[in-house]
Each structure stands twice: as structure tokens, then as C-alpha cells.
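Visitor: mmCIF, C-alpha atoms, saved as final-v9.cif, coming up:
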```cif
data_structure
#
loop_
_atom_site.label_atom_id
_atom_site.label_comp_id
_atom_site.auth_asym_id
_atom_site.auth_seq_id
_atom_site.Cartn_x
_atom_site.Cartn_y
_atom_site.Cartn_z
CA MET A 1 51.47 4.97 -22.60
CA ILE A 2 55.18 5.49 -21.99
CA HIS A 3 56.08 2.36 -20.00
CA PHE A 4 54.14 -0.29 -18.15
CA THR A 5 54.85 -3.20 -15.83
CA LYS A 6 53.20 -5.38 -13.23
CA SER A 7 53.05 -4.92 -9.45
CA TYR A 8 52.82 -7.73 -6.90
CA VAL A 9 53.11 -5.49 -3.82
CA LYS A 10 51.13 -6.78 -0.82
CA GLY A 11 50.09 -9.83 -2.82
CA ILE A 12 47.90 -7.82 -5.18
CA GLU A 13 48.77 -8.44 -8.83
CA GLY A 14 48.01 -5.70 -11.32
CA CYS A 15 49.32 -3.85 -14.35
CA TYR A 16 50.33 -0.23 -14.04
CA GLY A 17 51.95 2.21 -16.37
CA LEU A 18 53.31 5.68 -16.82
CA VAL A 19 50.96 7.63 -19.03
CA GLU A 20 51.40 11.06 -20.57
CA MET A 21 48.13 12.91 -20.90
CA SER A 22 48.23 16.38 -22.44
CA GLY A 23 51.73 16.90 -21.03
CA ILE A 24 50.89 15.58 -17.55
CA LYS A 25 52.50 12.29 -16.54
CA LEU A 26 50.64 9.96 -14.17
CA ILE A 27 51.02 6.39 -12.99
CA GLY A 28 47.74 4.57 -13.45
CA SER A 29 46.20 1.10 -13.32
CA PHE A 30 45.08 -1.09 -16.19
CA ASP A 31 42.67 -4.01 -16.13
CA THR A 32 44.27 -5.64 -19.18
CA VAL A 33 47.68 -7.19 -19.83
CA GLU A 34 47.44 -6.43 -23.55
CA LEU A 35 49.63 -3.34 -23.36
CA ARG A 36 52.57 -1.93 -25.28
CA GLU A 37 54.60 1.27 -25.23
CA GLY A 38 53.11 3.99 -27.36
CA LEU A 39 49.59 2.58 -27.01
CA ARG A 40 46.86 5.25 -26.99
CA VAL A 41 44.91 5.05 -23.77
CA LYS A 42 42.10 6.95 -22.06
CA MET A 43 41.37 7.59 -18.42
CA VAL A 44 38.17 5.81 -17.45
CA THR A 45 37.99 6.70 -13.78
CA CYS A 46 39.91 8.56 -11.10
CA GLY A 47 39.35 9.57 -7.51
CA VAL A 48 40.64 9.56 -3.97
CA ARG A 49 40.34 6.54 -1.71
CA PRO A 50 39.17 6.90 1.92
CA ASP A 51 42.83 6.70 3.06
CA GLY A 52 43.64 9.74 0.93
CA THR A 53 45.54 7.99 -1.87
CA PRO A 54 44.56 8.98 -5.41
CA TYR A 55 43.84 6.44 -8.16
CA TYR A 56 43.72 6.64 -11.92
CA PHE A 57 42.36 3.87 -14.15
CA PHE A 58 43.12 3.75 -17.85
CA GLU A 59 42.15 1.49 -20.73
CA PRO A 60 43.45 1.17 -24.28
CA ILE A 61 41.65 3.05 -27.04
CA ARG A 62 40.49 0.39 -29.48
CA GLY A 63 40.62 0.86 -33.20
CA MET B 64 86.88 29.24 0.67
CA ARG B 65 88.59 27.07 3.29
CA LYS B 66 89.28 23.39 2.75
CA VAL B 67 87.20 20.94 4.80
CA ALA B 68 88.31 17.52 6.04
CA VAL B 69 86.44 14.51 7.39
CA SER B 70 88.39 13.89 10.58
CA SER B 71 86.48 11.07 12.21
CA TRP B 72 83.50 8.76 11.68
CA ALA B 73 81.46 6.07 13.41
CA THR B 74 78.52 3.96 12.27
CA SER B 75 76.18 1.91 14.42
CA THR B 76 75.19 -1.62 13.53
CA PHE B 77 72.15 -1.45 11.27
CA THR B 78 69.30 -3.59 12.59
CA LYS B 79 65.57 -4.14 12.48
CA GLY B 80 63.53 -3.85 15.65
CA SER B 81 65.96 -1.76 17.69
CA LYS B 82 64.46 -0.82 21.04
CA MET B 83 66.37 2.47 21.06
CA SER B 84 64.58 5.74 20.37
CA LEU B 85 65.58 7.80 17.34
CA PHE B 86 67.59 10.10 19.60
CA GLU B 87 69.36 7.24 21.36
CA LEU B 88 70.21 5.77 17.96
CA ALA B 89 71.67 9.13 16.87
CA CYS B 90 73.75 9.42 20.02
CA GLU B 91 75.34 5.94 19.75
CA PRO B 92 77.87 6.65 16.94
CA SER B 93 78.19 10.28 18.03
CA VAL B 94 79.35 9.25 21.51
CA GLN B 95 81.81 6.74 20.00
CA LEU B 96 83.25 9.46 17.80
CA ILE B 97 83.46 12.04 20.61
CA ARG B 98 85.10 9.60 23.03
CA ARG B 99 87.57 8.27 20.47
CA ASN B 100 88.75 11.80 19.69
CA ARG B 101 88.62 12.96 23.30
CA LEU B 102 86.56 15.94 22.15
CA SER B 103 85.06 18.37 24.60
CA ALA B 104 81.62 19.89 24.06
CA LYS B 105 83.22 23.28 23.37
CA GLU B 106 85.14 21.93 20.40
CA ILE B 107 82.00 21.20 18.34
CA ASP B 108 80.57 24.33 16.74
CA ALA B 109 77.69 22.76 14.83
CA VAL B 110 75.45 19.70 15.04
CA LEU B 111 73.52 18.86 11.88
CA PHE B 112 70.98 16.05 12.14
CA SER B 113 69.86 14.11 9.08
CA SER B 114 66.57 12.26 9.40
CA CYS B 115 63.18 11.90 7.74
CA ALA B 116 61.54 11.52 11.16
CA THR B 117 59.30 14.45 11.95
CA ASP B 118 60.28 14.88 15.61
CA GLN B 119 60.42 18.58 16.35
CA TYR B 120 63.59 20.34 17.53
CA SER B 121 65.45 17.07 17.16
CA SER B 122 68.93 18.49 16.52
CA ALA B 123 68.74 20.58 19.70
CA ILE B 124 67.58 17.53 21.66
CA ILE B 125 70.48 15.42 20.33
CA SER B 126 72.94 18.23 21.07
CA GLU B 127 71.70 18.41 24.65
CA MET B 128 71.90 14.62 25.03
CA LEU B 129 75.53 14.79 23.83
CA GLY B 130 76.36 17.72 26.10
CA ILE B 131 77.14 19.97 23.14
CA HIS B 132 76.18 23.66 23.01
CA PRO B 133 76.46 24.30 19.27
CA LYS B 134 76.47 27.68 17.58
CA ILE B 135 74.50 26.16 14.74
CA THR B 136 72.15 23.19 14.82
CA TYR B 137 69.26 22.05 12.67
CA ARG B 138 67.67 18.98 11.07
CA ILE B 139 67.92 18.22 7.37
CA ASP B 140 65.35 16.10 5.58
CA ASN B 141 65.59 15.23 1.90
CA LEU B 142 64.53 11.58 1.91
CA CYS B 143 67.37 9.18 0.97
CA ASN B 144 69.55 12.15 0.07
CA SER B 145 69.26 13.68 3.58
CA GLY B 146 72.68 12.56 4.82
CA THR B 147 74.62 13.91 1.87
CA ASN B 148 72.62 17.14 2.09
CA ALA B 149 73.68 17.45 5.73
CA VAL B 150 77.31 16.91 4.71
CA THR B 151 76.93 19.68 2.13
CA SER B 152 75.59 22.06 4.78
CA ALA B 153 78.40 21.19 7.19
CA PHE B 154 80.94 21.69 4.40
CA ALA B 155 79.44 25.10 3.60
CA ILE B 156 79.43 26.43 7.15
CA ILE B 157 83.04 25.37 7.68
CA ALA B 158 84.32 26.50 4.28
CA SER B 159 82.70 29.90 4.82
CA GLY B 160 84.36 30.34 8.21
CA LEU B 161 81.13 30.27 10.24
CA CYS B 162 82.36 27.21 12.12
CA ASP B 163 85.52 25.16 12.52
CA THR B 164 84.00 21.83 13.54
CA ALA B 165 80.67 20.25 12.64
CA LEU B 166 79.19 16.96 13.77
CA VAL B 167 76.92 15.44 11.13
CA VAL B 168 74.73 12.68 12.46
CA GLY B 169 72.14 10.73 10.51
CA ALA B 170 69.64 8.39 12.12
CA GLU B 171 66.42 6.65 11.19
CA LYS B 172 63.96 4.19 12.63
CA VAL B 173 62.57 1.50 10.35
CA ASP B 174 59.06 2.98 10.55
CA SER B 175 60.12 6.43 9.38
CA PRO B 176 57.40 8.24 7.43
CA GLY B 177 59.74 8.63 4.45
CA ASN B 178 59.11 5.14 3.07
CA LYS B 179 55.80 5.94 1.36
CA LEU B 180 55.57 9.06 -0.77
CA LEU B 181 52.01 10.17 -0.13
CA TRP B 182 52.52 13.73 -1.37
CA ASP B 183 53.33 12.71 -4.93
CA VAL B 184 49.83 12.36 -6.42
CA THR B 185 51.29 11.68 -9.88
CA ARG B 186 52.09 8.19 -8.60
CA GLY B 187 48.41 7.37 -8.15
CA SER B 188 48.04 4.22 -6.07
CA PHE B 189 51.68 3.26 -6.70
CA MET B 190 53.29 5.08 -3.78
CA PHE B 191 56.15 2.72 -3.02
CA PRO B 192 59.63 3.48 -4.40
CA VAL B 193 59.76 0.02 -6.00
CA HIS B 194 57.01 1.09 -8.41
CA TRP B 195 59.11 3.78 -10.07
CA ALA B 196 62.28 1.68 -9.84
CA ALA B 197 60.49 -1.04 -11.84
CA ILE B 198 59.64 1.48 -14.56
CA PHE B 199 63.30 2.56 -14.74
CA ALA B 200 64.34 -1.09 -14.98
CA LYS B 201 61.80 -1.89 -17.71
CA ALA B 202 62.85 1.16 -19.69
CA HIS B 203 66.56 0.23 -19.50
CA MET B 204 65.87 -3.38 -20.41
CA ARG B 205 63.75 -2.44 -23.40
CA ARG B 206 66.12 0.16 -24.81
CA TYR B 207 69.50 -1.41 -24.04
CA GLY B 208 68.83 -5.07 -23.46
CA THR B 209 69.89 -4.96 -19.82
CA THR B 210 68.96 -8.25 -18.20
CA GLU B 211 67.45 -9.32 -14.91
CA GLU B 212 70.59 -11.38 -14.36
CA GLN B 213 72.81 -8.30 -14.65
CA MET B 214 70.66 -6.55 -12.04
CA ALA B 215 70.84 -9.64 -9.83
CA LYS B 216 74.65 -9.54 -10.04
CA VAL B 217 74.60 -6.13 -8.33
CA SER B 218 72.76 -7.72 -5.41
CA VAL B 219 75.17 -10.67 -5.30
CA LYS B 220 78.20 -8.33 -5.29
CA ASN B 221 76.85 -5.98 -2.63
CA HIS B 222 75.67 -8.77 -0.32
CA LYS B 223 79.14 -10.32 -0.65
CA ASN B 224 80.82 -7.01 0.20
CA ALA B 225 78.55 -6.62 3.23
CA THR B 226 79.93 -9.83 4.75
CA LYS B 227 83.10 -7.85 5.49
CA ASN B 228 81.15 -5.06 7.17
CA PRO B 229 80.30 -5.79 10.83
CA HIS B 230 77.70 -3.00 10.84
CA ALA B 231 75.70 -4.30 7.86
CA LEU B 232 72.11 -5.49 8.27
CA PHE B 233 72.80 -8.49 6.03
CA GLY B 234 75.86 -10.54 6.78
CA LYS B 235 75.54 -13.41 4.34
CA GLU B 236 76.18 -13.91 0.68
CA VAL B 237 73.34 -14.59 -1.74
CA ALA B 238 73.65 -16.68 -4.90
CA LEU B 239 72.54 -15.43 -8.30
CA GLU B 240 69.77 -18.04 -8.35
CA GLU B 241 68.48 -16.85 -4.99
CA VAL B 242 68.14 -13.31 -6.29
CA MET B 243 66.55 -14.46 -9.54
CA ASN B 244 64.10 -16.72 -7.71
CA SER B 245 63.24 -14.31 -4.92
CA LYS B 246 59.69 -13.02 -4.58
CA LYS B 247 58.39 -10.77 -7.35
CA ILE B 248 57.70 -7.25 -6.09
CA ALA B 249 57.16 -5.16 -9.23
CA SER B 250 58.34 -6.75 -12.44
CA PRO B 251 61.28 -7.08 -13.13
CA ILE B 252 62.29 -6.19 -9.56
CA LYS B 253 62.43 -9.02 -7.07
CA LEU B 254 62.83 -8.96 -3.30
CA LEU B 255 66.63 -9.35 -3.39
CA ASP B 256 66.91 -6.50 -5.92
CA CYS B 257 65.62 -4.22 -3.16
CA SER B 258 67.26 -2.64 -0.13
CA ALA B 259 65.52 -2.97 3.22
CA PRO B 260 64.50 -0.07 5.46
CA CYS B 261 66.06 -0.50 8.91
CA ASP B 262 67.16 1.21 12.11
CA GLY B 263 70.62 2.76 12.10
CA ALA B 264 72.81 5.78 12.60
CA SER B 265 76.10 7.16 11.40
CA ALA B 266 78.14 10.18 12.46
CA ILE B 267 81.07 12.07 10.94
CA LEU B 268 83.09 15.01 12.15
CA LEU B 269 84.02 17.68 9.62
CA VAL B 270 86.77 20.16 10.44
CA SER B 271 88.46 23.17 8.87
CA GLU B 272 91.86 22.75 7.23
CA GLU B 273 93.49 24.45 10.22
CA LYS B 274 92.02 21.83 12.55
CA ALA B 275 92.91 19.05 10.09
CA ARG B 276 96.64 19.80 10.43
CA SER B 277 96.77 17.75 13.60
CA ILE B 278 95.32 14.66 11.86
CA ASP B 279 97.45 11.98 10.21
CA ASN B 280 96.38 11.48 6.57
CA PRO B 281 93.39 13.84 6.57
CA VAL B 282 90.67 13.09 4.04
CA PHE B 283 89.42 16.23 2.33
CA ILE B 284 86.10 16.91 0.66
CA LYS B 285 87.28 18.17 -2.71
CA GLY B 286 84.04 18.70 -4.55
CA ILE B 287 80.29 18.56 -4.04
CA GLY B 288 77.54 18.65 -6.62
CA GLN B 289 73.85 18.66 -5.84
CA GLN B 290 70.84 18.95 -8.08
CA THR B 291 67.09 18.77 -7.63
CA THR B 292 65.02 18.45 -10.78
CA SER B 293 61.55 18.03 -9.22
CA ALA B 294 59.67 16.53 -6.30
CA SER B 295 57.42 14.20 -8.26
CA PHE B 296 58.42 11.10 -10.19
CA ALA B 297 56.57 12.32 -13.26
CA LYS B 298 58.84 15.36 -13.61
CA ALA B 299 62.10 13.81 -12.30
CA THR B 300 63.62 12.89 -15.62
CA ALA B 301 62.45 12.96 -19.23
CA ASP B 302 64.57 9.93 -20.11
CA LEU B 303 63.65 6.96 -17.92
CA THR B 304 67.00 5.28 -18.57
CA SER B 305 69.02 7.85 -16.65
CA ILE B 306 68.81 10.15 -13.64
CA GLU B 307 69.21 13.71 -14.88
CA ALA B 308 69.87 15.11 -11.38
CA ALA B 309 72.76 12.67 -10.87
CA LYS B 310 74.37 13.61 -14.17
CA ARG B 311 74.25 17.30 -13.29
CA ALA B 312 75.45 16.74 -9.72
CA ALA B 313 78.39 14.68 -10.99
CA HIS B 314 79.37 17.35 -13.48
CA LEU B 315 79.38 19.98 -10.70
CA ALA B 316 81.38 17.81 -8.29
CA PHE B 317 84.05 16.88 -10.84
CA GLU B 318 84.36 20.50 -11.92
CA MET B 319 84.70 21.77 -8.34
CA SER B 320 87.22 19.11 -7.36
CA HIS B 321 89.32 19.34 -10.55
CA THR B 322 89.20 15.56 -10.56
CA LYS B 323 89.00 13.24 -13.55
CA LEU B 324 86.75 10.21 -13.58
CA SER B 325 89.81 8.01 -14.15
CA GLN B 326 91.18 9.09 -10.75
CA ILE B 327 88.29 7.53 -8.80
CA ASP B 328 89.53 4.42 -6.96
CA VAL B 329 86.52 3.68 -4.75
CA ALA B 330 82.87 4.69 -4.87
CA GLU B 331 79.72 4.41 -2.81
CA LEU B 332 76.79 4.41 -5.23
CA HIS B 333 73.11 4.63 -4.35
CA ASP B 334 71.73 1.12 -4.87
CA ALA B 335 68.37 1.20 -3.10
CA PHE B 336 67.38 -1.00 -6.07
CA THR B 337 69.87 -2.88 -8.23
CA ILE B 338 68.85 -0.96 -11.36
CA LEU B 339 69.94 2.28 -9.67
CA GLU B 340 73.55 1.12 -9.39
CA ILE B 341 73.49 0.28 -13.11
CA LEU B 342 72.07 3.73 -13.93
CA ALA B 343 74.74 5.29 -11.68
CA TYR B 344 77.55 3.60 -13.65
CA GLU B 345 76.25 5.38 -16.74
CA ASP B 346 75.18 8.69 -15.19
CA LEU B 347 78.60 9.16 -13.57
CA GLY B 348 80.43 8.13 -16.73
CA PHE B 349 82.01 4.88 -15.48
CA ALA B 350 80.17 3.02 -18.25
CA LYS B 351 78.96 4.14 -21.67
CA LYS B 352 75.24 4.75 -22.05
CA GLY B 353 73.46 1.43 -22.30
CA GLU B 354 76.47 -0.59 -21.05
CA GLY B 355 75.82 -0.30 -17.31
CA GLY B 356 74.54 -3.86 -17.15
CA LYS B 357 77.87 -5.25 -18.35
CA PHE B 358 79.86 -2.93 -16.06
CA VAL B 359 78.83 -4.83 -12.93
CA ASP B 360 81.50 -7.45 -13.78
CA GLN B 361 84.37 -4.91 -13.85
CA GLN B 362 87.19 -5.07 -11.32
CA HIS B 363 88.94 -1.70 -11.84
CA ILE B 364 87.00 0.44 -9.36
CA ALA B 365 85.82 -0.75 -5.96
CA ILE B 366 82.08 -0.10 -5.93
CA ASN B 367 80.14 -0.21 -2.67
CA PRO B 368 82.81 -1.97 -0.59
CA ARG B 369 80.72 -1.63 2.62
CA GLY B 370 77.91 -3.54 0.87
CA GLY B 371 76.00 -0.55 -0.47
CA ILE B 372 72.45 0.09 0.59
CA ILE B 373 71.37 -3.40 -0.49
CA GLY B 374 73.91 -5.12 1.75
CA CYS B 375 73.93 -2.67 4.65
CA GLY B 376 70.25 -1.82 4.89
CA HIS B 377 68.70 1.58 4.38
CA PRO B 378 68.12 3.74 7.47
CA VAL B 379 67.16 6.58 5.16
CA GLY B 380 68.54 9.61 7.03
CA ALA B 381 71.72 7.77 8.01
CA THR B 382 72.56 6.36 4.59
CA GLY B 383 74.30 9.39 3.06
CA VAL B 384 76.35 9.93 6.22
CA ALA B 385 77.37 6.25 6.29
CA GLN B 386 78.40 6.45 2.61
CA VAL B 387 80.69 9.43 3.35
CA ALA B 388 82.01 7.65 6.46
CA GLU B 389 82.88 4.61 4.33
CA ILE B 390 84.79 6.57 1.71
CA ALA B 391 86.61 8.52 4.44
CA SER B 392 87.65 5.28 6.15
CA GLN B 393 88.79 3.77 2.84
CA LEU B 394 90.89 6.81 1.89
CA ALA B 395 92.38 6.99 5.38
CA GLY B 396 93.36 3.32 5.12
CA LYS B 397 91.22 2.39 8.10
CA ALA B 398 88.55 0.20 6.50
CA GLY B 399 89.77 -3.04 8.07
CA LYS B 400 88.89 -6.27 6.25
CA ARG B 401 87.28 -4.43 3.36
CA GLN B 402 90.14 -1.99 2.77
CA VAL B 403 90.61 -1.15 -0.90
CA LYS B 404 94.34 -1.10 -1.60
CA HIS B 405 96.11 2.12 -2.63
CA CYS B 406 92.98 4.25 -2.89
CA LYS B 407 93.53 8.01 -3.05
CA THR B 408 90.31 9.40 -4.44
CA GLY B 409 86.73 8.36 -3.72
CA LEU B 410 83.21 9.28 -4.71
CA VAL B 411 79.81 9.21 -3.02
CA HIS B 412 76.62 9.20 -5.13
CA ASN B 413 73.26 9.51 -3.47
CA LEU B 414 69.69 9.96 -4.70
CA ALA B 415 66.26 10.76 -3.37
CA ALA B 416 62.70 10.05 -4.46
CA ALA B 417 62.98 8.53 -7.93
CA GLY B 418 66.16 10.45 -8.61
CA SER B 419 64.38 13.78 -8.34
CA SER B 420 67.41 14.96 -6.38
CA ALA B 421 71.00 13.77 -6.31
CA SER B 422 74.30 14.45 -4.59
CA VAL B 423 77.83 13.60 -5.63
CA VAL B 424 80.72 14.12 -3.21
CA ILE B 425 84.35 13.68 -4.25
CA MET B 426 86.91 13.09 -1.53
CA GLY B 427 90.65 12.67 -1.56
CA VAL B 428 93.84 12.50 0.46
#
```
Please lay out the structure from this file as C-alpha cells.

Guide:
Amino acid sequence: MIHFTKSYVKGIEGCYGLVEMSGIKLIGSFDTVELREGLRVKMVTCGVRPDGTPYYFFEPIRG
Amino acid sequence: MRKVAVSSWATSTFTKGSKMSLFELACEPSVQLIRRNRLSAKEIDAVLFSSCATDQYSSAIISEMLGIHPKITYRIDNLCNSGTNAVTSAFAIIASGLCDTALVVGAEKVDSPGNKLLWDVTRGSFMFPVHWAAIFAKAHMRRYGTTEEQMAKVSVKNHKNATKNPHALFGKEVALEEVMNSKKIASPIKLLDCSAPCDGASAILLVSEEKARSIDNPVFIKGIGQQTTSASFAKATADLTSIEAAKRAAHLAFEMSHTKLSQIDVAELHDAFTILEILAYEDLGFAKKGEGGKFVDQQHIAINPRGGIIGCGHPVGATGVAQVAEIASQLAGKAGKRQVKHCKTGLVHNLAAAGSSASVVIMGV
């Protein structure tokens, strides 16, 4: 995790962050607010929504 | 290479909900400029149209509407940087001798497709520009201690400046508390830290040095720097506290113009979000790295006297043209109520798509 913050766009509150994964940087969503820079994270799901927008969900690696 | 001057300019009033078509919007300042200069169609060699709208053959359509039969005409699209890219093209075709006179017109409707960056899949679901701007802001705050209040001061300053600009979308001042208490968009960015997409157009006429001899106090384009580092946010800059493309563009423009930073009297900086003006202070060298937040209080250089993008509104394809028009009017001493006294050298800084491309234009009398 490089940086994270919180979005309120369109009234939907959620954490998102810039993640570097094997040299590829992506902006993904997090279900938790317990985040910090440098945290090790893993991608738990990704896909493309019916409107064509991609999504990436990450979660911290515990332990 | 021939010298190139900005001989005339006109900007429409930026609004939301204009009933005019994109082409009618583009023609409004162009007609003002043509009439004011008593130009005939034959005197304009090129028409370059800056817009993110996808209308086909748009520059030819605008040329026909204006009664111009240009040798060269095309549309330029590079998101927020489109207008300054069009100025660069016009400069190049005049400096090379291909043309003597080029009309650069930028126009945008509020619902332009450029507001959501669907092609950049590295952004995931976070397609709006505010999402990357918030990451820049967080990064600068964490590393350098920049505060939300310092960002808010940029908004206060630019809204205040816009009250002297009859063409600005926003014509009233905002208090620091209003900015700080405005709706959260993407932390730490609040509604009044953001510019607003709108309808608007701006036009400038560029001429060769031979043609400029008949103008009183011509304003010359002395240097241009442009740089594209990527298309996607993820590859735009390794350091999220600066815009690499802007630093490189500035270096090129200062080198070409043989100008020193200390000579800049007035500047139009890209402030689509308040954090971007703070980054610009540092990327251009006005402030030391990490001290951009404090620089907003300085009084030595007039920054964004027309109100910037935050105060004026952001008709994307028109913005870069309007920035150049503002600096030209300031240097020519024709900026009316917002005239910066004794200014001789000015700078335009413009960005696109998370700073993945940047332009810096240096102008002087």
C-alpha cells in the first residue's frame, strides 16, 4: 500500500488506496479503515462491472 | 525560427447550462476577436480547435461558420492540457513559416466526455479526477505537513481574484471556513477545493513577428515546454508529491526562453484542485520542495489573477487558451480591474490527467 484515503463521491463512503503489486500500480477498494502506508495487502477480488468499469478489492495481510 | 506574438484574445463568459451548441460557443469569442481586429477571412491561415468533445470535423465546421478558409485546420484533444497544446501547434506552424496567422479557439460543454477517465483501468472504480488529486494531497500532507487550511487558502485567493473577472463562473468570495466546511468529496479534498466543469470558450490570435510589427506592445511567446510521462495515473509520477511532467516542461520552457524564474511577474497555474496549485509552486521552482503550502501567502508574484480554474470554472478544452489569453492581456496592460502593475514576463502552467502531461508557456513583452 503506497497511499490511501477515503472517497465520499456520490454519497458512497469507502476507503481506497494506491497499491503496488509486482511493479503494477492500481487503485483499489478496502473494506477496512485500519490501513497505513507500507501495509502488505492482497487482492481478494477483481472484475468488470456491467457498465464496463473495472474494480479491484484488497485486504491487509494479517500477521 | 520566427518569433510568434499573441496579437488578440477574447473569452466568453463561463456558465453552466448554456443553450448554445459547442460550435456556437466556439464562435462567440472568435467573432469578437475577428470583429475587433477588423480581420478578413483571408488573413487567417490556420484555425486550431481545442476541445475534448468528439464531434467529427469540428475545426472545419467552425472555420466555415466563421467564414474562414484556412490552409491548416484541425482539432486538438489532450484533456485539460488541450488548449496549451493547441497554442504549441499554432506557435510551431507560424515559427516554421507554414502560416503567418493562426486562430486558436478552445471550447467545451459541461457534459464533455473528458470528465471521467474510463480508459485508465489502473484507477479501478475511482475514475474521477478528484480521486487521484486526493492521493496527491494526502501524500504531500504526510511528507511535508501541508495542511487542509493551506489548500483552502488557494481556493479563497482564487475565488477572490475571480470577482474581478466578468467572465468567471464564480463571482463571489468564499471565506476560509466555508471552504473548510464544504462537503467532503475525497479526503482531504472538499467541494470548494475543486474546480467545476462548465460551458465556455476562449480564442486567441497568434501572428508572425512580421505581422506583429503593426501591433502596439506585442506580447511574444518566448518559450514553450511540454512533456507527457504516461496516460495512466499509475505511471504518471513516481513521487506523488510532485508532477514530473510539469518539472520537465518548465525546464524546457525556461531554457528556450532564456528567462530566469525571478523574472516571472504573473502566472496562470493549473488549479483544478487546490493541491495542484501548491504542487505547481514547487514544480516550477517558486517554492522550495515541501514549502508550497506556505507559499500561498506570498505577495511577490501575481498567481491566477483571473481566478484560476477554481474561480473561473473549467471548460476543459478552453482552459489552456483562456490561461494564455489572460497572461497576454496582463502583459499588454489590458487586464482592466485585475491588471497586475508593471508586469513584463508571464507564465502559463497547465496539466492533464493526473499530471501525466504538462505544458509551460513563457510570454513576454

Visitor: Could you pull the residues within 12 Å of Lys323 (chain B), counting all atoms listed in the file, minus those fewer than 6 positions along the same chain, as a list in words?

Guide: Gly286, Ala313, His314, Ala316, Phe317, Leu347, Gly348, Phe349, Thr408, Gly409, Leu410 and Ile425 of chain B

Visitor: I'd like the residues picked by the PyMOL selection byres ((chain B and resi 380) around 6) written out as a list in words, using the chain letters and numbers from the file.

Guide: Ser113, Ser114, Cys115, Ser145, Gly146, Gly169, Ala170, Glu171, Pro378, Val379, Ala381 and Thr382 of chain B

Visitor: Store the residues of this selection in a file with C-alpha atoms, as a CSV table (one decimal), keeping the file's coordinate frame.

Guide:
```csv
chain,number,residue,atom,x,y,z
B,113,SER,CA,69.9,14.1,9.1
B,114,SER,CA,66.6,12.3,9.4
B,115,CYS,CA,63.2,11.9,7.7
B,145,SER,CA,69.3,13.7,3.6
B,146,GLY,CA,72.7,12.6,4.8
B,169,GLY,CA,72.1,10.7,10.5
B,170,ALA,CA,69.6,8.4,12.1
B,171,GLU,CA,66.4,6.6,11.2
B,378,PRO,CA,68.1,3.7,7.5
B,379,VAL,CA,67.2,6.6,5.2
B,381,ALA,CA,71.7,7.8,8.0
B,382,THR,CA,72.6,6.4,4.6
```

Visitor: For each of A:Gly23, A:Gly38, A:Gly28, A:Gly47, take the minimum atom-to-atom distance to chain B, counting all atoms listed in the file, then give the residue where this is smallest.

Guide: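 Smallest distance to chain B is found for A:Gly28.
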
Visitor: Neighbouring residues of Glu37 (chain A) were defined as those with any atom within 9 Å, considering all atoms listed in the file; residues of the same chain fewer than 3 positions away were excluded. Please report them as a PDB file with C-alpha atoms, keeping the file's coordinate frame.

Guide:
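And here's out-v1.pdb as it stands now:
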```pdb
ATOM      1  CA  MET A   1      51.470   4.970 -22.600  1.00  0.00           C
ATOM      2  CA  ILE A   2      55.180   5.490 -21.990  1.00  0.00           C
ATOM      3  CA  HIS A   3      56.080   2.360 -20.000  1.00  0.00           C
ATOM      4  CA  PHE A   4      54.140  -0.290 -18.150  1.00  0.00           C
ATOM      5  CA  ARG A  40      46.860   5.250 -26.990  1.00  0.00           C
TER       6      ARG A  40
END
```

Visitor: What are the residues of chain B lining chain A at 7 Å or less? Count only C-alpha atoms, and put the answer as a list of chain:residue names.

Guide: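 Taking only C-alpha atoms into account, B:Val184, B:Thr185, B:Arg186, B:Gly187, B:Ser188, B:Ile198, B:Ala202, B:Lys247, B:Ile248, B:Ala249, B:Ser250, B:Ala297 sit within 7 Å of chain A.
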
Visitor: Calculate how many Å separate CA of Met190 (chain B) from CA of Thr304 (chain B), rounding to one decimal.

Guide: 20.2 Å

Visitor: I'd like the interatomic distance between CA of Ala308 (chain B) and CA of Ser422 (chain B), to a tenth of an Å.

Guide: 8.1 Å

Visitor: Which residues, written as a ChimeraX atom specification, have at least one atom at most 12 Å from Arg62 (chain A), with all atoms listed in the file counted and residues fewer than 6 positions away on the same chain left out?

Guide: /A:34-35,39-42

Visitor: Select all residues near (87.0, 8.4, 2.9) (cut-off 7 Å, inclusive, file coordinates), counting all atoms listed in the file, and output them as a PyMOL selection string.

Guide: chain B and resi 282+387-395+409+426

Visitor: Taking the file as I've supplied it (selection: the PyMOL selection byres ((chain B and resi 136) around 9)), which residues are included? Please answer as a count of residues only.

Guide: 13

Visitor: Can you spell out as number ranges by chain the set of residues that the PyMOL selection byres ((chain B and resi 343) around 9) selects in the structure I just provided?

Guide: B: 305-306, 309-310, 332-334, 338-342, 344-350, 355, 412

Visitor: In Å to one decimal, how far is CA of Cys261 (chain B) from CA of Ser152 (chain B)?

Guide: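 If I compute the distance from CA of Ser152 (chain B) to CA of Cys261 (chain B), I get 24.8 Å.
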
Visitor: Write out as a list in words which residues come within 7 Å of Ala197 (chain B) when counting all atoms listed in the file, dropping same-chain ones fewer than 3 positions away.

Guide: Val193, His194, Ala200, Lys201, Ala249, Ser250, Pro251 and Ile252 of chain B

Visitor: Point out the residue among B:Cys162, B:Ala417, B:Leu324, B:Val384 with the least atom-to-atom distance to Val270 (chain B), counting all atoms listed in the file.

Guide: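 Closest candidate: B:Cys162.
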
Visitor: May I have the residues at most 10 Å from (65.5, 1.1, 18.0) in the file's coordinates, counting only C-alpha atoms, as JSON, numbers by chain?

Guide: {"B": [77, 78, 79, 80, 81, 82, 83, 84, 85, 86, 87, 88, 171, 172, 173, 261, 262, 263]}

Visitor: Output: region 10-39 of chain A of the preceding structure, restricted to C-alpha atoms, written as a CSV table (one decimal), in the first residue's frame.

Guide:
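Output (part36.csv):
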```csv
chain,number,residue,atom,x,y,z
A,10,LYS,CA,-22.0,10.3,-5.0
A,11,GLY,CA,-22.7,9.8,-1.3
A,12,ILE,CA,-20.9,6.5,-1.1
A,13,GLU,CA,-18.3,6.4,1.6
A,14,GLY,CA,-15.4,4.0,1.2
A,15,CYS,CA,-11.6,3.6,1.6
A,16,TYR,CA,-9.4,3.3,-1.4
A,17,GLY,CA,-5.7,3.2,-1.9
A,18,LEU,CA,-2.9,3.1,-4.4
A,19,VAL,CA,-1.3,-0.3,-4.3
A,20,GLU,CA,1.9,-1.6,-6.0
A,21,MET,CA,1.6,-5.2,-6.9
A,22,SER,CA,4.7,-6.8,-8.6
A,23,GLY,CA,5.5,-3.4,-10.1
A,24,ILE,CA,2.0,-2.7,-11.3
A,25,LYS,CA,0.2,0.2,-9.6
A,26,LEU,CA,-3.6,0.1,-9.2
A,27,ILE,CA,-6.2,2.0,-7.2
A,28,GLY,CA,-8.4,-0.4,-5.3
A,29,SER,CA,-11.0,-0.6,-2.6
A,30,PHE,CA,-10.7,-1.7,1.0
A,31,ASP,CA,-13.4,-2.8,3.4
A,32,THR,CA,-11.5,-1.7,6.5
A,33,VAL,CA,-10.3,1.7,7.8
A,34,GLU,CA,-7.4,0.1,9.6
A,35,LEU,CA,-4.8,1.0,7.0
A,36,ARG,CA,-1.4,2.6,6.9
A,37,GLU,CA,1.2,3.3,4.3
A,38,GLY,CA,3.6,0.4,3.7
A,39,LEU,CA,1.0,-2.2,4.8
```
